[in-house]
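Enquirer: I have a structure I would like to understand better, so I am pasting it below and will then ask my questions one at a time.
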Amino acid sequence: MTSTTTTPTASTAHQHTATVLFAQGLRYEHRADPYPYYEQLLRQPVVRMDDGTWLAGGHREISLLLRDPRISADRLPPPQQRPIRKSLLVEDPPRHDQLRHLVTQQFVPRVMGMRDHIEALVTGLLDAHTSDRPGQLDVVADLAYPLPVTVICELLGVPREDEALFGSLARRLTRGLDPIDTQTEDEIRELQQTRNELQQYLEGLIARHDTAPGDDLLAGLMHSHGPEGPIDPIDLRVTLGLLLIAGHETTVNLIANGTLALLRHPDALARLRTDPDLATPLVEEVLRYDPPVQMSGRSTLADIDIAGTTIPKGSRIRLLLAAGNRDPRRFADPDRFVPDRTDNAHLGFGGGIHYCIGATLARAEAQIALTALARRLESPRLVADPPPYRENAILRGPESLPVSFTRLIADDGGAG
């Protein structure tokens, strides 16, 4: 009797390699620098993993998938396990378009013209540390976190005394964005409890606006009308929760990652200190080089031929945005931070119909905050490099970012 051995096919080998690399990139000990694993994944721009899900890491392939009508943003469990209503983040047309229209017509006008107010908030936060003596501040706790929290709470009509409660709920909920197989049973139970707490809080906030309406975004949404009529009360609550969380969590990471890039590239810091106009392309480079959102999820509504393979109907896809942002087939010297990079079609805000609705606000907050730090921190230095990172792998950024300085210069009224 002759024994035989089977050799894995090239496809199976690629599949297993991608699975291992992806898992390695998600491990907490690699949170400070997952990019070497993403670089290896780019050798196969679209690949099936061992669990049957697909991984897209190439810039071209992600861009195509984000805009393909055969792709669904819904990557939640089957209908019998799913919440009754979904946010527009995971909703498809036509409901996505209806909800987005209602939100956009209320959100965009309120965001326009906010730069002066954002500059005042940044000035106030940094003024708390102004001194002629050497000092230290935690860029996350002292600036990157309170700035966008204050802005989104003001926009939506969240009372100032509730900001700490809301911030705690939002930070706990972000863990739910990570792949389910990376979460413990205790974490899953805690997430459900936190979702219930947020629902109760939002119901109370809406009730207060019913009795004492204002001119904030929540009041605008409550009284807005689209082609299908006014927003449904449940849709209102779900949309409000999305805006509260998405409206600040990603910006915290954008400001922190940007600060980290500047302190690791002193030439860029020096240029920004004397040329505030550099803030515009520099923030775009941060969004490419070290994006606050590392990946997103989709599912297929039909078979899709792409990158020499076929993704079957009903498949789940992980779009590895951070890998696409460093694809050498799209960007020259992709691992180099170039503050004035041109032709910077990054994936930091996604793409297609689900392009980040708060992109304009996030850009303004990051541009102003980073410019102020460059202008006002004298001889800044990282206390720890790398800094400690948050547990979350998808919304990736430092948990804290202590920076020492010889002096925090008083504000001279310079524009951010």
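Just so we're on the same page: first chain in the structure tokens is A, next is B, and so on; residues restart at 1 for each chain, and ligands are numbered from 1 in the order they show up.
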So which residues touch Ala256 of chain A within 10 Å, counting only C-alpha atoms, skipping near sequence neighbours fewer than 6 positions away, as a ChimeraX atom specification?

Expert: /A:138-141,143-145,262,292,366,369-370,397-401

Enquirer: Quick one: residues within 6 Å of segment 375-385 of chain A, only C-alpha atoms, excluding same-chain residues fewer than 4 positions away - as a list in words?

Expert: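 Once the nearby chain positions are removed, what remains is Arg273, Pro402, Val403, Ser404, Phe405, Thr406, Arg407, Leu408 and Ile409 of chain A.
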
Enquirer: With distances taken over only C-alpha atoms, which of A:Val283, A:Ala23, A:Ala246, A:Leu66 is nearest to Cys356 of chain A?

Expert: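 Closest to Cys356 of chain A, using only C-alpha atoms: A:Ala246.
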
Enquirer: Quick one: pick out all alpha helix (DSSP H) residues within segment 125-365 of chain A from a backbone DSSP run and write them as an NGL selection string.

Expert: :A and (125-127 or 139 or 146-156 or 163-173 or 185-211 or 217-222 or 233-246 or 249-264 or 266-274 or 279-289 or 321-324 or 359-365)

Enquirer: Just checking: using only C-alpha atoms, which residue out of A:Ala73, A:Thr12, A:Pro233, A:Leu65 ends up closest to Leu89 of chain A?

Expert: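 Residue with the minimum atom-to-atom distance to Leu89 of chain A: A:Ala73.
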
Enquirer: Give me the residues within 10 Å of Leu147 of chain A as a PyMOL selection string, counting only C-alpha atoms and dropping any in the same chain fewer than 3 places off.

Expert: chain A and resi 118-119+121-122+124-125+140-144+150-152+248+251-252+255+365-366+369

Enquirer: Please save all heavy atoms of the selected residues as a short mmCIF file (atom, residue, chain, number, x, y, z; two decimals), in the first residue's frame.

Expert:
```cif
data_model
loop_
_atom_site.label_atom_id
_atom_site.label_comp_id
_atom_site.auth_asym_id
_atom_site.auth_seq_id
_atom_site.Cartn_x
_atom_site.Cartn_y
_atom_site.Cartn_z
N ILE A 118 -13.49 76.82 16.65
CA ILE A 118 -12.55 75.72 16.92
C ILE A 118 -11.21 76.29 17.38
O ILE A 118 -10.58 75.77 18.32
CB ILE A 118 -12.37 74.84 15.67
CG1 ILE A 118 -13.69 74.13 15.33
CG2 ILE A 118 -11.26 73.82 15.87
CD1 ILE A 118 -13.68 73.42 13.99
N GLU A 119 -10.74 77.37 16.73
CA GLU A 119 -9.49 78.00 17.15
C GLU A 119 -9.58 78.48 18.59
O GLU A 119 -8.62 78.32 19.37
CB GLU A 119 -9.17 79.17 16.22
CG GLU A 119 -8.69 78.75 14.84
CD GLU A 119 -8.47 79.93 13.91
OE1 GLU A 119 -8.64 81.07 14.37
OE2 GLU A 119 -8.12 79.70 12.74
N LEU A 121 -11.48 77.25 20.97
CA LEU A 121 -11.45 76.08 21.85
C LEU A 121 -10.03 75.55 22.01
O LEU A 121 -9.61 75.22 23.13
CB LEU A 121 -12.36 74.98 21.28
CG LEU A 121 -13.87 75.23 21.34
CD1 LEU A 121 -14.61 74.13 20.59
CD2 LEU A 121 -14.35 75.29 22.79
N VAL A 122 -9.28 75.47 20.91
CA VAL A 122 -7.89 75.00 20.98
C VAL A 122 -7.06 75.93 21.85
O VAL A 122 -6.27 75.49 22.70
CB VAL A 122 -7.28 74.88 19.57
CG1 VAL A 122 -5.78 74.63 19.63
CG2 VAL A 122 -7.98 73.76 18.79
N GLY A 124 -8.06 77.83 24.29
CA GLY A 124 -8.43 77.65 25.69
C GLY A 124 -7.84 76.39 26.29
O GLY A 124 -7.37 76.39 27.44
N LEU A 125 -7.84 75.30 25.52
CA LEU A 125 -7.29 74.05 26.03
C LEU A 125 -5.78 74.15 26.25
O LEU A 125 -5.26 73.62 27.25
CB LEU A 125 -7.61 72.91 25.05
CG LEU A 125 -9.08 72.49 24.97
CD1 LEU A 125 -9.32 71.59 23.77
CD2 LEU A 125 -9.50 71.78 26.26
N VAL A 140 -3.42 63.63 23.95
CA VAL A 140 -4.73 62.98 23.85
C VAL A 140 -5.69 63.54 24.88
O VAL A 140 -6.78 64.04 24.54
CB VAL A 140 -4.59 61.44 24.01
CG1 VAL A 140 -5.97 60.78 24.07
CG2 VAL A 140 -3.81 60.86 22.84
N ALA A 141 -5.33 63.47 26.15
CA ALA A 141 -6.24 63.87 27.23
C ALA A 141 -6.48 65.38 27.26
O ALA A 141 -7.58 65.83 27.62
CB ALA A 141 -5.70 63.41 28.58
N ASP A 142 -5.46 66.16 26.89
CA ASP A 142 -5.55 67.60 27.04
C ASP A 142 -6.01 68.35 25.79
O ASP A 142 -6.39 69.51 25.88
CB ASP A 142 -4.19 68.17 27.47
CG ASP A 142 -3.74 67.63 28.83
OD1 ASP A 142 -4.63 67.33 29.66
OD2 ASP A 142 -2.53 67.48 29.05
N LEU A 143 -6.00 67.67 24.62
CA LEU A 143 -6.37 68.37 23.40
C LEU A 143 -7.14 67.49 22.42
O LEU A 143 -8.27 67.80 22.05
CB LEU A 143 -5.13 68.93 22.70
CG LEU A 143 -5.36 69.68 21.39
CD1 LEU A 143 -6.23 70.92 21.62
CD2 LEU A 143 -4.04 70.07 20.72
N ALA A 144 -6.53 66.38 22.00
CA ALA A 144 -7.13 65.58 20.93
C ALA A 144 -8.48 65.00 21.32
O ALA A 144 -9.35 64.83 20.46
CB ALA A 144 -6.18 64.45 20.54
N THR A 150 -16.13 68.26 22.61
CA THR A 150 -16.84 69.52 22.86
C THR A 150 -17.56 69.99 21.61
O THR A 150 -18.73 70.41 21.66
CB THR A 150 -15.85 70.60 23.32
OG1 THR A 150 -15.24 70.19 24.55
CG2 THR A 150 -16.56 71.93 23.54
N VAL A 151 -16.89 69.91 20.46
CA VAL A 151 -17.49 70.39 19.21
C VAL A 151 -18.74 69.58 18.85
O VAL A 151 -19.79 70.15 18.55
CB VAL A 151 -16.46 70.33 18.06
CG1 VAL A 151 -17.15 70.58 16.72
CG2 VAL A 151 -15.36 71.37 18.28
N ILE A 152 -18.65 68.24 18.87
CA ILE A 152 -19.80 67.44 18.46
C ILE A 152 -20.93 67.55 19.47
O ILE A 152 -22.11 67.55 19.10
CB ILE A 152 -19.40 65.96 18.21
CG1 ILE A 152 -20.47 65.26 17.38
CG2 ILE A 152 -19.14 65.22 19.50
CD1 ILE A 152 -20.64 65.79 15.98
N HIS A 248 -16.41 62.13 16.87
CA HIS A 248 -15.23 62.54 17.62
C HIS A 248 -14.16 61.46 17.74
O HIS A 248 -12.97 61.77 17.78
CB HIS A 248 -15.62 63.04 19.02
CG HIS A 248 -15.76 61.97 20.04
ND1 HIS A 248 -16.90 61.24 20.19
CD2 HIS A 248 -14.89 61.49 20.97
CE1 HIS A 248 -16.74 60.38 21.17
NE2 HIS A 248 -15.54 60.49 21.66
N THR A 251 -11.52 61.62 15.07
CA THR A 251 -10.75 62.86 15.11
C THR A 251 -9.73 62.84 16.24
O THR A 251 -8.63 63.41 16.11
CB THR A 251 -11.68 64.07 15.24
OG1 THR A 251 -12.69 64.01 14.24
CG2 THR A 251 -10.92 65.37 15.08
N VAL A 252 -10.06 62.19 17.35
CA VAL A 252 -9.08 62.03 18.43
C VAL A 252 -7.82 61.37 17.87
O VAL A 252 -6.70 61.85 18.09
CB VAL A 252 -9.67 61.18 19.57
CG1 VAL A 252 -8.58 60.90 20.62
CG2 VAL A 252 -10.85 61.87 20.22
N ILE A 255 -5.77 63.66 15.29
CA ILE A 255 -4.93 64.68 15.92
C ILE A 255 -3.73 64.03 16.62
O ILE A 255 -2.59 64.51 16.51
CB ILE A 255 -5.75 65.51 16.92
CG1 ILE A 255 -6.81 66.34 16.17
CG2 ILE A 255 -4.84 66.45 17.73
CD1 ILE A 255 -7.80 67.05 17.08
N GLU A 365 -10.61 70.55 12.43
CA GLU A 365 -10.13 70.36 13.80
C GLU A 365 -8.67 69.94 13.82
O GLU A 365 -7.87 70.45 14.63
CB GLU A 365 -11.00 69.32 14.51
CG GLU A 365 -12.41 69.81 14.79
CD GLU A 365 -13.33 68.73 15.31
OE1 GLU A 365 -13.13 67.54 14.96
OE2 GLU A 365 -14.27 69.06 16.06
N ALA A 366 -8.29 69.03 12.94
CA ALA A 366 -6.90 68.56 12.91
C ALA A 366 -5.97 69.66 12.42
O ALA A 366 -4.87 69.86 12.97
CB ALA A 366 -6.79 67.33 12.02
N ALA A 369 -5.62 72.23 15.29
CA ALA A 369 -4.94 71.70 16.47
C ALA A 369 -3.45 71.49 16.21
O ALA A 369 -2.60 71.87 17.03
CB ALA A 369 -5.59 70.39 16.91
#
```

Enquirer: A:Ile357, A:Leu236, A:Gln192, A:His346: which is nearest Ser224 of chain A, counting only C-alpha atoms?

Expert: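 Nearest candidate to Ser224 of chain A out of A:Ile357, A:Leu236, A:Gln192, A:His346: A:Leu236.
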
Enquirer: Between A:His14, A:Arg298, A:Arg67, A:Arg195, which is the closest to Val46 of chain A once you count only C-alpha atoms?

Expert: A:His14

Enquirer: Could you check the closest approach to Thr250 of chain A for each of A:Asp340, A:Asp290, A:Asp235, A:Glu29 and tell me which residue wins, using only C-alpha atoms?

Expert: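 Nearest candidate to Thr250 of chain A out of A:Asp340, A:Asp290, A:Asp235, A:Glu29: A:Asp290.
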
Enquirer: Do you know which residues are at most 10 Å from Arg264 of chain A counting only C-alpha atoms, after dropping those on the same chain fewer than 3 positions away, and could you put them as a ChimeraX atom specification?

Expert: /A:258-261,267-269,337,381-382,385

Enquirer: Atoms to include: N, CA and C atoms. Write the selected residues as an mmCIF file, in the first residue's frame.

Expert:
```
data_model
loop_
_atom_site.group_PDB
_atom_site.id
_atom_site.type_symbol
_atom_site.label_atom_id
_atom_site.label_comp_id
_atom_site.auth_asym_id
_atom_site.auth_seq_id
_atom_site.Cartn_x
_atom_site.Cartn_y
_atom_site.Cartn_z
ATOM 1 N N GLY A 258 -1.327 62.649 14.031
ATOM 2 C CA GLY A 258 -0.646 63.771 13.390
ATOM 3 C C GLY A 258 0.446 64.359 14.263
ATOM 4 N N THR A 259 0.161 64.488 15.552
ATOM 5 C CA THR A 259 1.182 64.984 16.486
ATOM 6 C C THR A 259 2.373 64.041 16.534
ATOM 7 N N LEU A 260 2.092 62.753 16.579
ATOM 8 C CA LEU A 260 3.157 61.758 16.606
ATOM 9 C C LEU A 260 4.029 61.860 15.353
ATOM 10 N N ALA A 261 3.396 62.022 14.184
ATOM 11 C CA ALA A 261 4.152 62.153 12.937
ATOM 12 C C ALA A 261 5.029 63.403 12.951
ATOM 13 N N ASP A 267 11.648 68.197 10.802
ATOM 14 C CA ASP A 267 11.672 69.135 9.679
ATOM 15 C C ASP A 267 10.242 69.562 9.316
ATOM 16 N N ALA A 268 9.306 68.611 9.322
ATOM 17 C CA ALA A 268 7.910 68.940 9.031
ATOM 18 C C ALA A 268 7.336 69.838 10.120
ATOM 19 N N LEU A 269 7.696 69.570 11.384
ATOM 20 C CA LEU A 269 7.235 70.404 12.494
ATOM 21 C C LEU A 269 7.740 71.835 12.337
ATOM 22 N N PHE A 337 6.795 59.749 5.250
ATOM 23 C CA PHE A 337 5.868 60.832 5.568
ATOM 24 C C PHE A 337 6.294 62.071 4.798
ATOM 25 N N ARG A 381 9.106 67.244 22.879
ATOM 26 C CA ARG A 381 9.738 65.934 22.796
ATOM 27 C C ARG A 381 8.753 64.878 23.277
ATOM 28 N N LEU A 382 8.751 63.752 22.609
ATOM 29 C CA LEU A 382 7.929 62.632 23.049
ATOM 30 C C LEU A 382 8.495 62.069 24.348
ATOM 31 N N ASP A 385 8.278 56.716 23.122
ATOM 32 C CA ASP A 385 8.113 56.417 21.706
ATOM 33 C C ASP A 385 8.482 54.950 21.457
#
```
